[in-house]
>>> print(open('model.csv').read())   # CSV, C-alpha atoms
chain,number,residue,atom,x,y,z
R,1,MET,CA,-47.8,-14.3,20.4
R,2,THR,CA,-44.8,-12.9,22.3
R,3,ALA,CA,-43.3,-9.5,22.2
R,4,ALA,CA,-40.3,-10.8,20.3
R,5,ASP,CA,-42.6,-11.9,17.4
R,6,LEU,CA,-43.8,-8.4,17.0
R,7,ILE,CA,-40.3,-6.9,16.7
R,8,THR,CA,-39.2,-7.7,13.2
R,9,ALA,CA,-35.7,-7.0,11.9
R,10,ASN,CA,-37.4,-4.8,9.3
R,11,LYS,CA,-38.9,-2.6,11.9
R,12,VAL,CA,-35.6,-2.3,13.8
R,13,TRP,CA,-33.7,-1.4,10.6
R,14,GLN,CA,-36.3,1.2,9.9
R,15,ALA,CA,-35.8,2.7,13.4
R,16,LEU,CA,-32.0,2.6,12.9
R,17,GLU,CA,-32.5,4.7,9.7
R,18,GLN,CA,-33.8,7.4,11.9
R,19,VAL,CA,-30.4,7.6,13.7
R,20,HIS,CA,-28.1,10.1,12.0
R,21,ASP,CA,-24.5,11.1,12.0
R,22,PRO,CA,-24.4,14.0,14.4
R,23,GLU,CA,-22.0,15.8,12.0
R,24,ILE,CA,-24.1,15.1,8.8
R,25,PRO,CA,-27.7,15.2,9.9
R,26,THR,CA,-29.2,13.9,6.6
R,27,LEU,CA,-27.0,10.8,6.6
R,28,SER,CA,-28.4,7.8,8.5
R,29,ILE,CA,-26.1,5.3,10.2
R,30,VAL,CA,-27.6,2.6,8.0
R,31,ASP,CA,-26.6,4.5,4.9
R,32,MET,CA,-23.1,5.1,6.3
R,33,GLY,CA,-22.7,1.4,6.6
R,34,ILE,CA,-21.6,1.4,10.2
R,35,VAL,CA,-24.3,-1.1,11.4
R,36,THR,CA,-22.7,-4.5,11.0
R,37,GLY,CA,-25.0,-6.7,13.1
R,38,LEU,CA,-28.5,-6.9,14.4
R,39,GLU,CA,-29.8,-9.6,16.7
R,40,ILE,CA,-33.3,-9.8,18.1
R,41,ALA,CA,-34.1,-12.3,20.8
R,42,GLU,CA,-36.9,-12.4,23.3
R,43,GLY,CA,-36.6,-9.3,25.5
R,44,ARG,CA,-33.4,-8.1,23.9
R,45,ILE,CA,-32.2,-6.2,20.8
R,46,SER,CA,-28.5,-6.2,20.2
R,47,VAL,CA,-26.9,-3.8,17.6
R,48,THR,CA,-23.3,-4.0,16.5
R,49,ILE,CA,-21.6,-0.9,14.9
R,50,THR,CA,-18.1,-0.4,13.5
R,51,PRO,CA,-16.6,3.0,13.9
R,52,THR,CA,-15.6,5.1,10.9
R,53,PHE,CA,-12.3,6.2,12.6
R,54,VAL,CA,-11.1,4.7,15.8
R,55,GLY,CA,-11.0,8.2,17.5
R,56,CYS,CA,-14.4,9.3,16.1
R,57,PRO,CA,-15.8,11.6,18.8
R,58,ALA,CA,-19.4,11.1,17.5
R,59,LEU,CA,-19.4,7.4,18.6
R,60,ASP,CA,-20.8,7.9,22.0
R,61,MET,CA,-23.5,10.2,20.7
R,62,ILE,CA,-24.4,7.6,18.1
R,63,LYS,CA,-24.6,4.8,20.7
R,64,GLN,CA,-26.9,7.0,22.8
R,65,ALA,CA,-29.1,7.9,19.8
R,66,ILE,CA,-29.5,4.2,19.0
R,67,GLN,CA,-30.6,3.5,22.6
R,68,GLU,CA,-33.1,6.3,22.4
R,69,GLN,CA,-34.5,5.3,19.0
R,70,LEU,CA,-35.0,1.7,20.0
R,71,ALA,CA,-36.5,2.5,23.4
R,72,ARG,CA,-40.0,2.3,21.9
R,73,PHE,CA,-39.6,-1.4,21.4
R,74,PRO,CA,-41.0,-3.5,24.2
R,75,VAL,CA,-37.7,-5.2,25.3
R,76,ASP,CA,-35.9,-5.3,28.6
R,77,GLN,CA,-32.5,-4.8,27.1
R,78,ILE,CA,-31.0,-2.8,24.3
R,79,GLU,CA,-27.3,-3.5,23.6
R,80,VAL,CA,-25.1,-1.4,21.4
R,81,ASN,CA,-21.7,-3.1,20.8
R,82,VAL,CA,-18.7,-1.5,19.1
R,83,ASP,CA,-16.7,-4.1,17.2
R,84,TYR,CA,-13.8,-3.6,14.7
R,85,SER,CA,-14.0,-7.1,13.3
R,86,THR,CA,-15.8,-5.8,10.2
R,87,PRO,CA,-13.6,-2.7,9.6
R,88,TRP,CA,-15.5,0.2,8.1
R,89,SER,CA,-14.7,1.4,4.6
R,90,THR,CA,-16.2,4.2,2.6
R,91,ASN,CA,-17.2,1.5,0.1
R,92,ARG,CA,-19.9,0.6,2.7
R,93,LEU,CA,-21.8,3.8,2.0
R,94,THR,CA,-25.1,3.1,0.2
R,95,GLU,CA,-26.2,5.0,-2.9
R,96,ARG,CA,-28.7,6.8,-0.8
R,97,GLY,CA,-25.9,7.8,1.5
R,98,ARG,CA,-23.7,9.1,-1.3
R,99,ALA,CA,-26.7,11.1,-2.6
R,100,ALA,CA,-27.2,12.6,0.9
R,101,LEU,CA,-23.6,13.7,0.9
R,102,THR,CA,-23.8,15.3,-2.5
R,103,ALA,CA,-27.0,17.1,-1.6
R,104,LEU,CA,-25.2,18.7,1.3
R,105,GLY,CA,-22.3,19.9,-0.8
R,106,PHE,CA,-19.8,17.2,0.0
R,107,ALA,CA,-18.1,15.2,-2.7
R,108,PRO,CA,-18.8,11.5,-2.0
R,109,PRO,CA,-15.7,9.3,-1.6
R,110,PRO,CA,-14.2,7.6,-4.7
R,111,ARG,CA,-15.0,3.9,-4.9
R,112,TYR,CA,-11.9,1.7,-5.0
R,113,ASP,CA,-11.1,-2.0,-5.4
R,114,GLY,CA,-8.9,-3.8,-2.9
R,115,GLU,CA,-6.4,-1.4,-1.1
R,116,PHE,CA,-6.9,2.3,-1.4
R,117,GLU,CA,-3.8,4.5,-1.8
R,118,PRO,CA,-4.0,8.1,-0.6
R,119,ALA,CA,-2.9,9.3,-4.0
R,120,ILE,CA,-6.6,8.7,-5.2
R,121,LEU,CA,-7.3,11.7,-3.0
R,122,LEU,CA,-5.6,13.9,-5.6
R,123,ASN,CA,-8.6,13.7,-8.0
R,124,ALA,CA,-11.9,14.9,-6.8
R,125,GLN,CA,-14.9,16.2,-8.5
R,126,CYS,CA,-16.4,19.5,-7.3
R,127,PRO,CA,-19.8,18.8,-5.9
R,128,LEU,CA,-20.9,22.4,-6.7
R,129,CYS,CA,-20.1,22.7,-10.4
R,130,GLY,CA,-19.0,19.2,-11.4
R,131,SER,CA,-15.5,20.3,-12.5
R,132,SER,CA,-12.6,17.9,-12.1
R,133,ASN,CA,-10.1,20.8,-12.2
R,134,THR,CA,-9.7,20.7,-8.4
R,135,THR,CA,-6.7,20.9,-6.0
R,136,LEU,CA,-6.3,19.0,-2.8
R,137,ARG,CA,-5.7,21.6,0.0
R,138,SER,CA,-5.4,19.2,2.9
R,139,PRO,CA,-6.0,15.5,3.4
R,140,PHE,CA,-7.3,16.5,6.8
R,141,GLY,CA,-10.5,18.5,7.3
R,142,PRO,CA,-12.9,19.8,9.9
R,143,ALA,CA,-13.8,16.2,10.8
R,144,LEU,CA,-11.6,13.1,10.7
R,145,CYS,CA,-13.6,11.7,7.7
R,146,ARG,CA,-13.2,14.8,5.4
R,147,ALA,CA,-10.5,16.3,3.2
R,148,ILE,CA,-10.4,19.9,2.0
R,149,TYR,CA,-10.3,20.9,-1.7
R,150,TYR,CA,-10.4,24.0,-3.9
R,151,CYS,CA,-12.2,24.1,-7.2
R,152,ASN,CA,-10.2,26.0,-9.8
R,153,ASP,CA,-13.3,26.6,-12.0
R,154,CYS,CA,-16.0,27.8,-9.7
R,155,ARG,CA,-13.4,29.0,-7.2
R,156,GLN,CA,-15.0,27.6,-4.1
R,157,SER,CA,-13.6,25.4,-1.4
R,158,PHE,CA,-15.3,22.1,-0.8
R,159,GLU,CA,-14.9,18.9,1.2
R,160,GLN,CA,-14.7,15.3,0.2
R,161,PHE,CA,-15.7,12.5,2.4
R,162,LYS,CA,-12.4,10.8,2.2
R,163,PRO,CA,-11.8,7.2,1.1
R,164,LEU,CA,-10.9,4.8,3.9
U,1,MET,CA,-4.4,-16.2,30.2
U,2,GLU,CA,-1.1,-17.3,28.7
U,3,HIS,CA,1.6,-14.7,27.8
U,4,ARG,CA,-0.3,-12.1,29.7
U,5,ASP,CA,2.7,-10.1,30.9
U,6,ALA,CA,4.2,-10.0,27.5
U,7,LEU,CA,1.0,-8.9,25.8
U,8,GLU,CA,0.4,-6.2,28.5
U,9,HIS,CA,3.9,-4.8,28.1
U,10,LEU,CA,3.3,-4.5,24.3
U,11,LEU,CA,-0.1,-2.9,24.7
U,12,PHE,CA,1.2,-0.4,27.3
U,13,ARG,CA,4.2,0.7,25.1
U,14,MET,CA,1.9,1.2,22.1
U,15,ALA,CA,-0.9,2.9,24.1
U,16,ASP,CA,1.5,5.3,25.9
U,17,ASP,CA,3.3,6.1,22.6
U,18,ALA,CA,0.0,7.0,21.0
U,19,LEU,CA,-1.2,9.0,24.0
U,20,ILE,CA,1.9,11.1,24.4
U,21,TYR,CA,2.6,11.6,20.7
U,22,GLY,CA,-1.1,12.5,20.3
U,23,HIS,CA,-0.8,15.0,23.1
U,24,ARG,CA,2.4,16.5,21.6
U,25,ASN,CA,0.6,16.8,18.2
U,26,SER,CA,-2.3,18.5,19.8
U,27,GLU,CA,0.0,21.3,21.0
U,28,TRP,CA,0.0,22.6,17.4
U,29,THR,CA,-3.7,23.2,17.5
U,30,GLY,CA,-4.1,27.0,17.0
U,31,ILE,CA,-0.4,27.7,16.4
U,32,ALA,CA,0.8,25.6,13.4
U,33,PRO,CA,2.4,27.7,10.6
U,34,LEU,CA,-0.5,27.1,8.2
U,35,LEU,CA,-4.2,26.6,8.7
U,36,GLU,CA,-4.1,23.3,6.8
U,37,GLU,CA,-1.3,22.1,9.0
U,38,ASP,CA,-3.1,23.2,12.1
U,39,ILE,CA,-6.0,21.0,11.0
U,40,ALA,CA,-3.7,18.1,10.0
U,41,PHE,CA,-1.8,18.0,13.3
U,42,SER,CA,-5.0,18.3,15.2
U,43,SER,CA,-6.6,15.5,13.2
U,44,ILE,CA,-3.6,13.2,13.6
U,45,ALA,CA,-3.7,14.0,17.3
U,46,GLN,CA,-7.3,12.9,17.4
U,47,ASP,CA,-6.5,9.7,15.6
U,48,LYS,CA,-3.6,8.9,17.9
U,49,ILE,CA,-5.6,9.5,21.1
U,50,GLY,CA,-8.3,7.3,19.5
U,51,HIS,CA,-5.7,4.6,19.1
U,52,ALA,CA,-4.6,5.0,22.7
U,53,LEU,CA,-8.2,4.7,23.8
U,54,ALA,CA,-8.6,1.5,21.9
U,55,LEU,CA,-5.4,0.0,23.3
U,56,TYR,CA,-6.2,1.0,26.9
U,57,THR,CA,-9.6,-0.6,26.3
U,58,LEU,CA,-7.9,-3.8,25.4
U,59,LEU,CA,-5.9,-3.6,28.6
U,60,GLY,CA,-9.2,-3.0,30.4
U,61,ASP,CA,-10.5,-6.3,28.9
U,62,LEU,CA,-7.5,-7.9,30.5
U,63,GLY,CA,-8.5,-6.6,34.0
U,64,HIS,CA,-6.9,-3.2,34.1
U,65,PRO,CA,-8.9,-0.1,35.1
U,66,ASP,CA,-10.8,2.1,32.6
U,67,PRO,CA,-8.9,4.1,30.0
U,68,ASP,CA,-9.1,7.5,31.8
U,69,THR,CA,-7.6,6.0,35.0
U,70,LEU,CA,-4.8,4.4,33.0
U,71,ALA,CA,-4.1,7.7,31.1
U,72,PHE,CA,-4.4,10.1,33.9
U,73,THR,CA,-3.4,8.5,37.2
U,74,ARG,CA,-0.2,6.5,36.5
U,75,GLU,CA,3.1,7.9,37.7
U,76,GLU,CA,5.8,8.9,35.2
U,77,ARG,CA,7.8,5.7,36.0
U,78,GLN,CA,4.8,3.5,35.0
U,79,PHE,CA,4.7,4.9,31.4
U,80,ARG,CA,6.3,2.8,28.7
U,81,CYS,CA,6.5,5.4,25.9
U,82,CYS,CA,9.7,5.9,24.0
U,83,HIS,CA,11.7,9.2,24.3
U,84,LEU,CA,11.0,10.3,20.7
U,85,VAL,CA,7.3,11.0,21.5
U,86,GLU,CA,8.2,13.0,24.7
U,87,LEU,CA,10.3,15.7,23.1
U,88,PRO,CA,8.7,19.1,23.4
U,89,THR,CA,7.1,21.0,20.6
U,90,GLN,CA,9.5,23.8,19.9
U,91,ASP,CA,10.2,23.7,16.2
U,92,TYR,CA,8.0,22.7,13.2
U,93,ALA,CA,10.9,21.0,11.5
U,94,ILE,CA,11.3,18.7,14.5
U,95,ALA,CA,7.5,18.1,14.6
U,96,LEU,CA,7.4,17.1,10.9
U,97,MET,CA,10.6,14.9,11.1
U,98,ARG,CA,9.3,13.2,14.2
U,99,HIS,CA,6.0,12.6,12.5
U,100,ALA,CA,7.7,10.9,9.6
U,101,LEU,CA,10.1,8.8,11.7
U,102,PHE,CA,7.4,7.7,14.1
U,103,ASP,CA,4.4,7.2,11.8
U,104,TYR,CA,6.4,5.0,9.4
U,105,ALA,CA,7.3,2.9,12.4
U,106,GLU,CA,3.6,2.8,13.4
U,107,ARG,CA,2.6,1.7,9.9
U,108,HIS,CA,5.0,-1.3,10.1
U,109,ARG,CA,4.1,-2.2,13.7
U,110,TYR,CA,0.4,-2.3,12.9
U,111,ARG,CA,1.0,-4.2,9.6
U,112,LEU,CA,2.9,-6.9,11.6
U,113,LEU,CA,0.1,-7.0,14.1
U,114,GLU,CA,-2.5,-7.7,11.5
U,115,GLN,CA,-1.3,-11.2,11.8
U,116,SER,CA,-1.2,-11.3,15.6
U,117,SER,CA,-2.4,-14.4,17.3
U,118,TYR,CA,-4.2,-12.2,19.8
U,119,ALA,CA,-7.4,-11.6,17.8
U,120,PRO,CA,-8.6,-8.3,19.3
U,121,LEU,CA,-5.2,-6.7,18.5
U,122,ALA,CA,-5.2,-8.1,15.0
U,123,ALA,CA,-8.7,-6.6,14.4
U,124,LEU,CA,-7.6,-3.2,15.7
U,125,ALA,CA,-4.5,-3.3,13.5
U,126,GLN,CA,-6.6,-4.0,10.4
U,127,LYS,CA,-8.9,-1.1,11.4
U,128,VAL,CA,-6.0,1.4,12.0
U,129,ARG,CA,-4.3,0.6,8.6
U,130,GLY,CA,-6.3,3.1,6.6
U,131,GLU,CA,-5.9,5.9,9.1
U,132,ILE,CA,-2.1,5.5,9.2
U,133,LYS,CA,-2.0,5.7,5.4
U,134,TYR,CA,-3.1,9.3,5.8
U,135,HIS,CA,-0.5,10.0,8.4
U,136,THR,CA,2.4,8.7,6.3
U,137,PHE,CA,1.0,10.4,3.2
U,138,HIS,CA,1.0,13.7,5.0
U,139,ALA,CA,4.5,13.1,6.4
U,140,SER,CA,6.1,12.0,3.1
U,141,THR,CA,4.5,15.0,1.3
U,142,TRP,CA,6.2,17.4,3.7
U,143,LEU,CA,9.5,15.6,3.8
U,144,ARG,CA,9.8,16.2,0.0
U,145,LEU,CA,8.3,19.7,0.0
U,146,LEU,CA,10.9,21.0,2.6
U,147,GLY,CA,13.7,18.7,1.4
U,148,ARG,CA,14.4,18.2,-2.3
U,149,ASP,CA,11.7,20.6,-3.4
U,150,GLY,CA,12.4,23.1,-0.6
U,151,SER,CA,14.8,26.0,0.0
U,152,ASP,CA,18.4,25.8,1.4
U,153,GLU,CA,17.0,26.9,4.8
U,154,SER,CA,14.1,24.4,4.9
U,155,ARG,CA,16.5,21.6,3.9
U,156,ALA,CA,19.0,22.6,6.5
U,157,ARG,CA,16.4,22.8,9.3
U,158,MET,CA,14.9,19.4,8.3
U,159,GLN,CA,18.3,17.8,8.1
U,160,ALA,CA,19.2,19.2,11.6
U,161,ALA,CA,15.9,17.8,12.9
U,162,LEU,CA,16.8,14.4,11.3
U,163,ASP,CA,20.3,14.4,12.8
U,164,LEU,CA,18.8,15.3,16.2
U,165,LEU,CA,16.0,12.7,16.1
U,166,LEU,CA,17.6,9.6,14.7
U,167,PRO,CA,18.9,8.3,18.0
U,168,TYR,CA,15.5,8.9,19.5
U,169,ALA,CA,13.8,7.2,16.6
U,170,LEU,CA,16.0,4.1,17.0
U,171,GLY,CA,14.9,4.1,20.6
U,172,ILE,CA,11.4,3.2,19.4
U,173,PHE,CA,12.7,-0.3,19.0
U,174,GLU,CA,14.1,-0.8,22.4
U,175,PRO,CA,13.8,-4.5,23.1
U,176,SER,CA,11.5,-5.7,25.8
U,177,PRO,CA,12.2,-8.6,28.2
U,178,PHE,CA,9.4,-10.5,26.3
U,179,GLU,CA,10.8,-10.5,22.7
U,180,ASP,CA,11.2,-14.3,22.5
U,181,GLU,CA,7.8,-14.9,24.1
U,182,LEU,CA,6.0,-12.4,21.9
U,183,ARG,CA,7.6,-14.0,18.8
U,184,SER,CA,7.0,-17.7,19.8
U,185,SER,CA,3.4,-17.1,20.8
U,186,GLY,CA,2.7,-15.3,17.5
U,187,ILE,CA,1.5,-12.2,19.2
U,188,PHE,CA,4.2,-9.9,17.6
U,189,PRO,CA,7.3,-10.8,15.6
U,190,GLY,CA,9.4,-8.4,17.8
U,191,GLU,CA,11.1,-5.0,17.8
U,192,GLU,CA,14.2,-6.1,15.8
U,193,GLN,CA,12.1,-7.3,12.8
U,194,LEU,CA,10.1,-4.1,13.1
U,195,ARG,CA,13.2,-2.0,13.1
U,196,GLU,CA,14.6,-3.8,10.0
U,197,GLN,CA,11.3,-3.3,8.1
U,198,TRP,CA,11.2,0.3,9.1
U,199,LEU,CA,14.7,1.0,8.0
U,200,THR,CA,14.1,-0.7,4.6
U,201,GLU,CA,11.4,1.9,3.9
U,202,ILE,CA,12.4,5.1,5.7
U,203,ILE,CA,16.0,5.3,4.6
U,204,PRO,CA,15.3,5.3,0.8
U,205,LEU,CA,12.4,7.6,1.5
U,206,LEU,CA,14.6,10.1,3.3
U,207,GLU,CA,17.3,9.9,0.7
U,208,ASP,CA,14.9,10.4,-2.2
U,209,ALA,CA,13.4,13.4,-0.3
U,210,GLY,CA,16.9,15.0,-0.3
U,211,TYR,CA,18.4,14.2,3.1
U,212,ARG,CA,21.8,12.7,4.2
U,213,ILE,CA,21.7,9.7,6.5
U,214,PRO,CA,24.4,9.6,9.1
U,215,PRO,CA,26.1,6.2,9.6
U,216,LEU,CA,23.6,4.3,11.6
U,217,ASP,CA,26.2,2.1,13.3
U,218,SER,CA,27.7,5.1,15.0
U,219,ILE,CA,24.3,6.1,16.6
U,220,GLU,CA,23.6,5.1,20.2
U,221,PRO,CA,19.7,4.6,20.4
U,222,CYS,CA,18.0,6.4,23.2
U,223,TYR,CA,16.7,3.6,25.3
U,224,GLY,CA,15.0,3.6,28.7
U,225,GLY,CA,11.4,4.7,28.0
U,226,ARG,CA,10.2,1.1,27.7
U,227,SER,CA,11.3,0.4,31.2
U,228,GLY,CA,10.0,3.6,32.7
U,229,TYR,CA,13.1,5.8,32.5
U,230,HIS,CA,12.1,9.0,30.7
U,231,THR,CA,13.4,12.3,29.5
U,232,GLU,CA,12.9,15.4,31.7
U,233,HIS,CA,10.1,16.4,29.3
U,234,LEU,CA,7.6,13.7,30.2
U,235,GLN,CA,6.7,14.8,33.7
U,236,PRO,CA,5.8,18.4,32.7
U,237,LEU,CA,3.6,17.0,29.9
U,238,LEU,CA,1.8,14.7,32.4
U,239,ASP,CA,1.3,17.6,34.8
U,240,GLU,CA,-0.4,19.5,32.1
U,241,MET,CA,-2.4,16.6,30.6
U,242,THR,CA,-3.8,15.5,33.9
U,243,ALA,CA,-4.5,19.0,35.4
U,244,VAL,CA,-8.3,18.9,34.9
U,245,TYR,CA,-8.5,15.2,36.0
U,246,ARG,CA,-6.6,15.9,39.2
U,247,ILE,CA,-9.0,18.7,40.1
U,248,ASP,CA,-12.1,16.7,39.3
U,249,PRO,CA,-11.9,13.1,38.1
U,250,ASN,CA,-15.6,13.2,37.0
U,251,ALA,CA,-15.4,16.5,35.0
U,252,GLU,CA,-17.0,16.4,31.6
U,253,TRP,CA,-16.0,19.0,29.0
>>> encode(input="model.csv", output="structure tokens")
Amino acid sequence: MTAADLITANKVWQALEQVHDPEIPTLSIVDMGIVTGLEIAEGRISVTITPTFVGCPALDMIKQAIQEQLARFPVDQIEVNVDYSTPWSTNRLTERGRAALTALGFAPPPRYDGEFEPAILLNAQCPLCGSSNTTLRSPFGPALCRAIYYCNDCRQSFEQFKPL
Amino acid sequence: MEHRDALEHLLFRMADDALIYGHRNSEWTGIAPLLEEDIAFSSIAQDKIGHALALYTLLGDLGHPDPDTLAFTREERQFRCCHLVELPTQDYAIALMRHALFDYAERHRYRLLEQSSYAPLAALAQKVRGEIKYHTFHASTWLRLLGRDGSDESRARMQAALDLLLPYALGIFEPSPFEDELRSSGIFPGEEQLREQWLTEIIPLLEDAGYRIPPLDSIEPCYGGRSGYHTEHLQPLLDEMTAVYRIDPNAEW
């Protein structure tokens, strides 16, 4: 039996679930849907990720965290490639990922078919009280992937993970 | 590689536009007239500098140095950005009008590049599409708010910005020596087609938002940037942008 036999894809995916978005610490990169490829060969694990936004400043930290998380596997080489050929979209978030966002007080992104139009931003549900009586304050927020809203019912500001 | 010079020229003009425009937008961080606008311009700056990084990385794949070296060590004459992105940050009306004129051109440029025969550029163009939707959404919202839905003063200031910037905006589409080659190789259909597509969208948009369009035939486009002849505003920007790098190229912050 070789080392490669012991490293199953399942085990690597489980390890990747321990890597989190540095800005949203309960959201794993698997639930974000940014892992687009995994290859296990003898002596080598190769992970491919697709960035949320091209200028995402968390990308280097995520690459580093993947390296550290996979370091316990007995391989000579761990590769993390960034590749746009599967462009990220918020539709790639898993149900668990959407639940993690809601639990932290973020509105999850609206699902859409085909092309999204920014006008779908105008309707968001308040993650704090559930009201739809909300106002978009800015399509840009404290991170590239978030927009800022105000809830006219519970009178709180909140953020939505914005559709992309 | 075939058509290398043509491809590199296209990548440099796009990357330099994104870097310089991103830097100009970042100058609003902390001083924009509204907190939300501060965040918007800062976010758009971050997106643009991300696009510049991705484009310089494509140049790196063709044998050029790493992105920091390309961004921070070239001389002014080696930059291929258009004059529109170089203009200083002095008036919010000018910043918003430039944002609209430039980002609608970016939207069409990347749309055309989604079909590029150069696969890495086509993949980037598809990726960038969603980001630019937010940029044009933001720009068109403010065009209308300060135009048709605005006050006499806001309309007048935005109109003055439009009158000032149109010659610069037309300079975005300065033809390169490689137009035929880019077209025939399927890398990019060319600046003239881009300009026509841009005009088809931006002119009705500006008119609907309450602005007068001066006769375009009478406007002399501001050319020169694409061949390295810049306004007096680029060098001071480069001096500031590269200040830390020149002191310590390995600095991390």
>>> closest_atom_pairs(input="model.csv", of="chain U", to="chain R", cutoff="8 Å", atoms="all atoms listed in the file", output="tab-separated table")
residue	atom	partner	partner_atom	distance
U:Glu36	CA	R:Ser138	CA	5.8
U:Glu37	CA	R:Ser138	CA	7.9
U:Ile39	CA	R:Phe140	CA	6.3
U:Ala40	CA	R:Phe140	CA	5.1
U:Ser43	CA	R:Leu144	CA	6.1
U:Gln46	CA	R:Gly55	CA	6.0
U:Asp47	CA	R:Gly55	CA	5.1
U:Lys48	CA	R:Gly55	CA	7.4
U:Ile49	CA	R:Gly55	CA	6.6
U:Gly50	CA	R:Gly55	CA	3.5
U:His51	CA	R:Val54	CA	6.3
U:Leu53	CA	R:Gly55	CA	7.7
U:Ala54	CA	R:Val54	CA	7.3
U:Ala123	CA	R:Ser85	CA	5.4
U:Leu124	CA	R:Tyr84	CA	6.3
U:Gln126	CA	R:Pro87	CA	7.2
U:Lys127	CA	R:Pro87	CA	5.3
U:Val128	CA	R:Val54	CA	7.2
U:Gly130	CA	R:Leu164	CA	5.6
U:Glu131	CA	R:Leu164	CA	7.3
U:Lys133	CA	R:Pro118	CA	6.8
U:Tyr134	CA	R:Pro118	CA	6.6
U:Phe137	CA	R:Pro118	CA	6.7
U:His138	CA	R:Pro139	CA	7.4
>>> write_last_selection(input="model.csv", atoms="C-alpha atoms", output="PDB file, in the frame of the given file")
ATOM      1  CA  GLU U  36      -4.100  23.300   6.800  1.00  0.00           C
ATOM      2  CA  GLU U  37      -1.300  22.100   9.000  1.00  0.00           C
ATOM      3  CA  ILE U  39      -6.000  21.000  11.000  1.00  0.00           C
ATOM      4  CA  ALA U  40      -3.700  18.100  10.000  1.00  0.00           C
ATOM      5  CA  SER U  43      -6.600  15.500  13.200  1.00  0.00           C
ATOM      6  CA  GLN U  46      -7.300  12.900  17.400  1.00  0.00           C
ATOM      7  CA  ASP U  47      -6.500   9.700  15.600  1.00  0.00           C
ATOM      8  CA  LYS U  48      -3.600   8.900  17.900  1.00  0.00           C
ATOM      9  CA  ILE U  49      -5.600   9.500  21.100  1.00  0.00           C
ATOM     10  CA  GLY U  50      -8.300   7.300  19.500  1.00  0.00           C
ATOM     11  CA  HIS U  51      -5.700   4.600  19.100  1.00  0.00           C
ATOM     12  CA  LEU U  53      -8.200   4.700  23.800  1.00  0.00           C
ATOM     13  CA  ALA U  54      -8.600   1.500  21.900  1.00  0.00           C
ATOM     14  CA  ALA U 123      -8.700  -6.600  14.400  1.00  0.00           C
ATOM     15  CA  LEU U 124      -7.600  -3.200  15.700  1.00  0.00           C
ATOM     16  CA  GLN U 126      -6.600  -4.000  10.400  1.00  0.00           C
ATOM     17  CA  LYS U 127      -8.900  -1.100  11.400  1.00  0.00           C
ATOM     18  CA  VAL U 128      -6.000   1.400  12.000  1.00  0.00           C
ATOM     19  CA  GLY U 130      -6.300   3.100   6.600  1.00  0.00           C
ATOM     20  CA  GLU U 131      -5.900   5.900   9.100  1.00  0.00           C
ATOM     21  CA  LYS U 133      -2.000   5.700   5.400  1.00  0.00           C
ATOM     22  CA  TYR U 134      -3.100   9.300   5.800  1.00  0.00           C
ATOM     23  CA  PHE U 137       1.000  10.400   3.200  1.00  0.00           C
ATOM     24  CA  HIS U 138       1.000  13.700   5.000  1.00  0.00           C
TER      25      HIS U 138
END
>>> atom_distance(input="model.csv", atom1="CA of Gly147 (chain U)", atom2="CA of Leu166 (chain U)")
16.6 Å
>>> residues_near_point(input="model.csv", point="(-12.4, 15.9, 0.1)", cutoff="8 Å", atoms="only C-alpha atoms", output="ChimeraX atom specification")
/R:106-107,109,121,124,136,139,141,146-149,158-162
>>> residues_around(input="model.csv", residues="region 75-77 of chain R", least_positions_apart="2", cutoff="12 Å", atoms="all atoms listed in the file", output="PyMOL selection string")
chain R and resi 2-7+39-47+67+70-73+79-80
>>> residues_around(input="model.csv", residues="region 15-20 of chain R", least_positions_apart="2", cutoff="10 Å", atoms="all atoms listed in the file", output="PyMOL selection string")
chain R and resi 9-13+22-32+35+47+61-70+72-73
>>> closest_residue(input="model.csv", among="U:His83, U:His3, U:His108, U:His64", to="Ser227 (chain U)", atoms="all atoms listed in the file")
U:His83
>>> atom_distance(input="model.csv", atom1="CA of Pro249 (chain U)", atom2="CA of Phe72 (chain U)")
9.1 Å
>>> closest_residue(input="model.csv", among="U:Thr69, U:Ala161, U:Arg107, U:Gly22", to="Tyr56 (chain U)", atoms="all atoms listed in the file")
U:Thr69
>>> decode(input="model.csv", residues="region 13-19 of chain R", atoms="N, CA and C atoms", output="compact mmCIF listing (two decimals), in the first residue's frame")
# COMPACT_ATOMS: atom_id res chain seq x y z
N TRP R 13 -11.18 16.58 1.19
CA TRP R 13 -12.32 17.51 1.25
C TRP R 13 -12.66 17.87 2.70
N GLN R 14 -12.57 16.86 3.58
CA GLN R 14 -12.85 17.15 5.00
C GLN R 14 -11.85 18.16 5.55
N ALA R 15 -10.59 18.00 5.14
CA ALA R 15 -9.57 18.95 5.59
C ALA R 15 -9.86 20.35 5.03
N LEU R 16 -10.29 20.40 3.77
CA LEU R 16 -10.57 21.71 3.16
C LEU R 16 -11.74 22.40 3.86
N GLU R 17 -12.65 21.58 4.43
CA GLU R 17 -13.78 22.17 5.17
C GLU R 17 -13.32 22.89 6.43
N GLN R 18 -12.08 22.63 6.83
CA GLN R 18 -11.52 23.32 8.01
C GLN R 18 -10.86 24.65 7.63
N VAL R 19 -10.83 24.97 6.34
CA VAL R 19 -10.26 26.25 5.91
C VAL R 19 -11.41 27.24 5.75
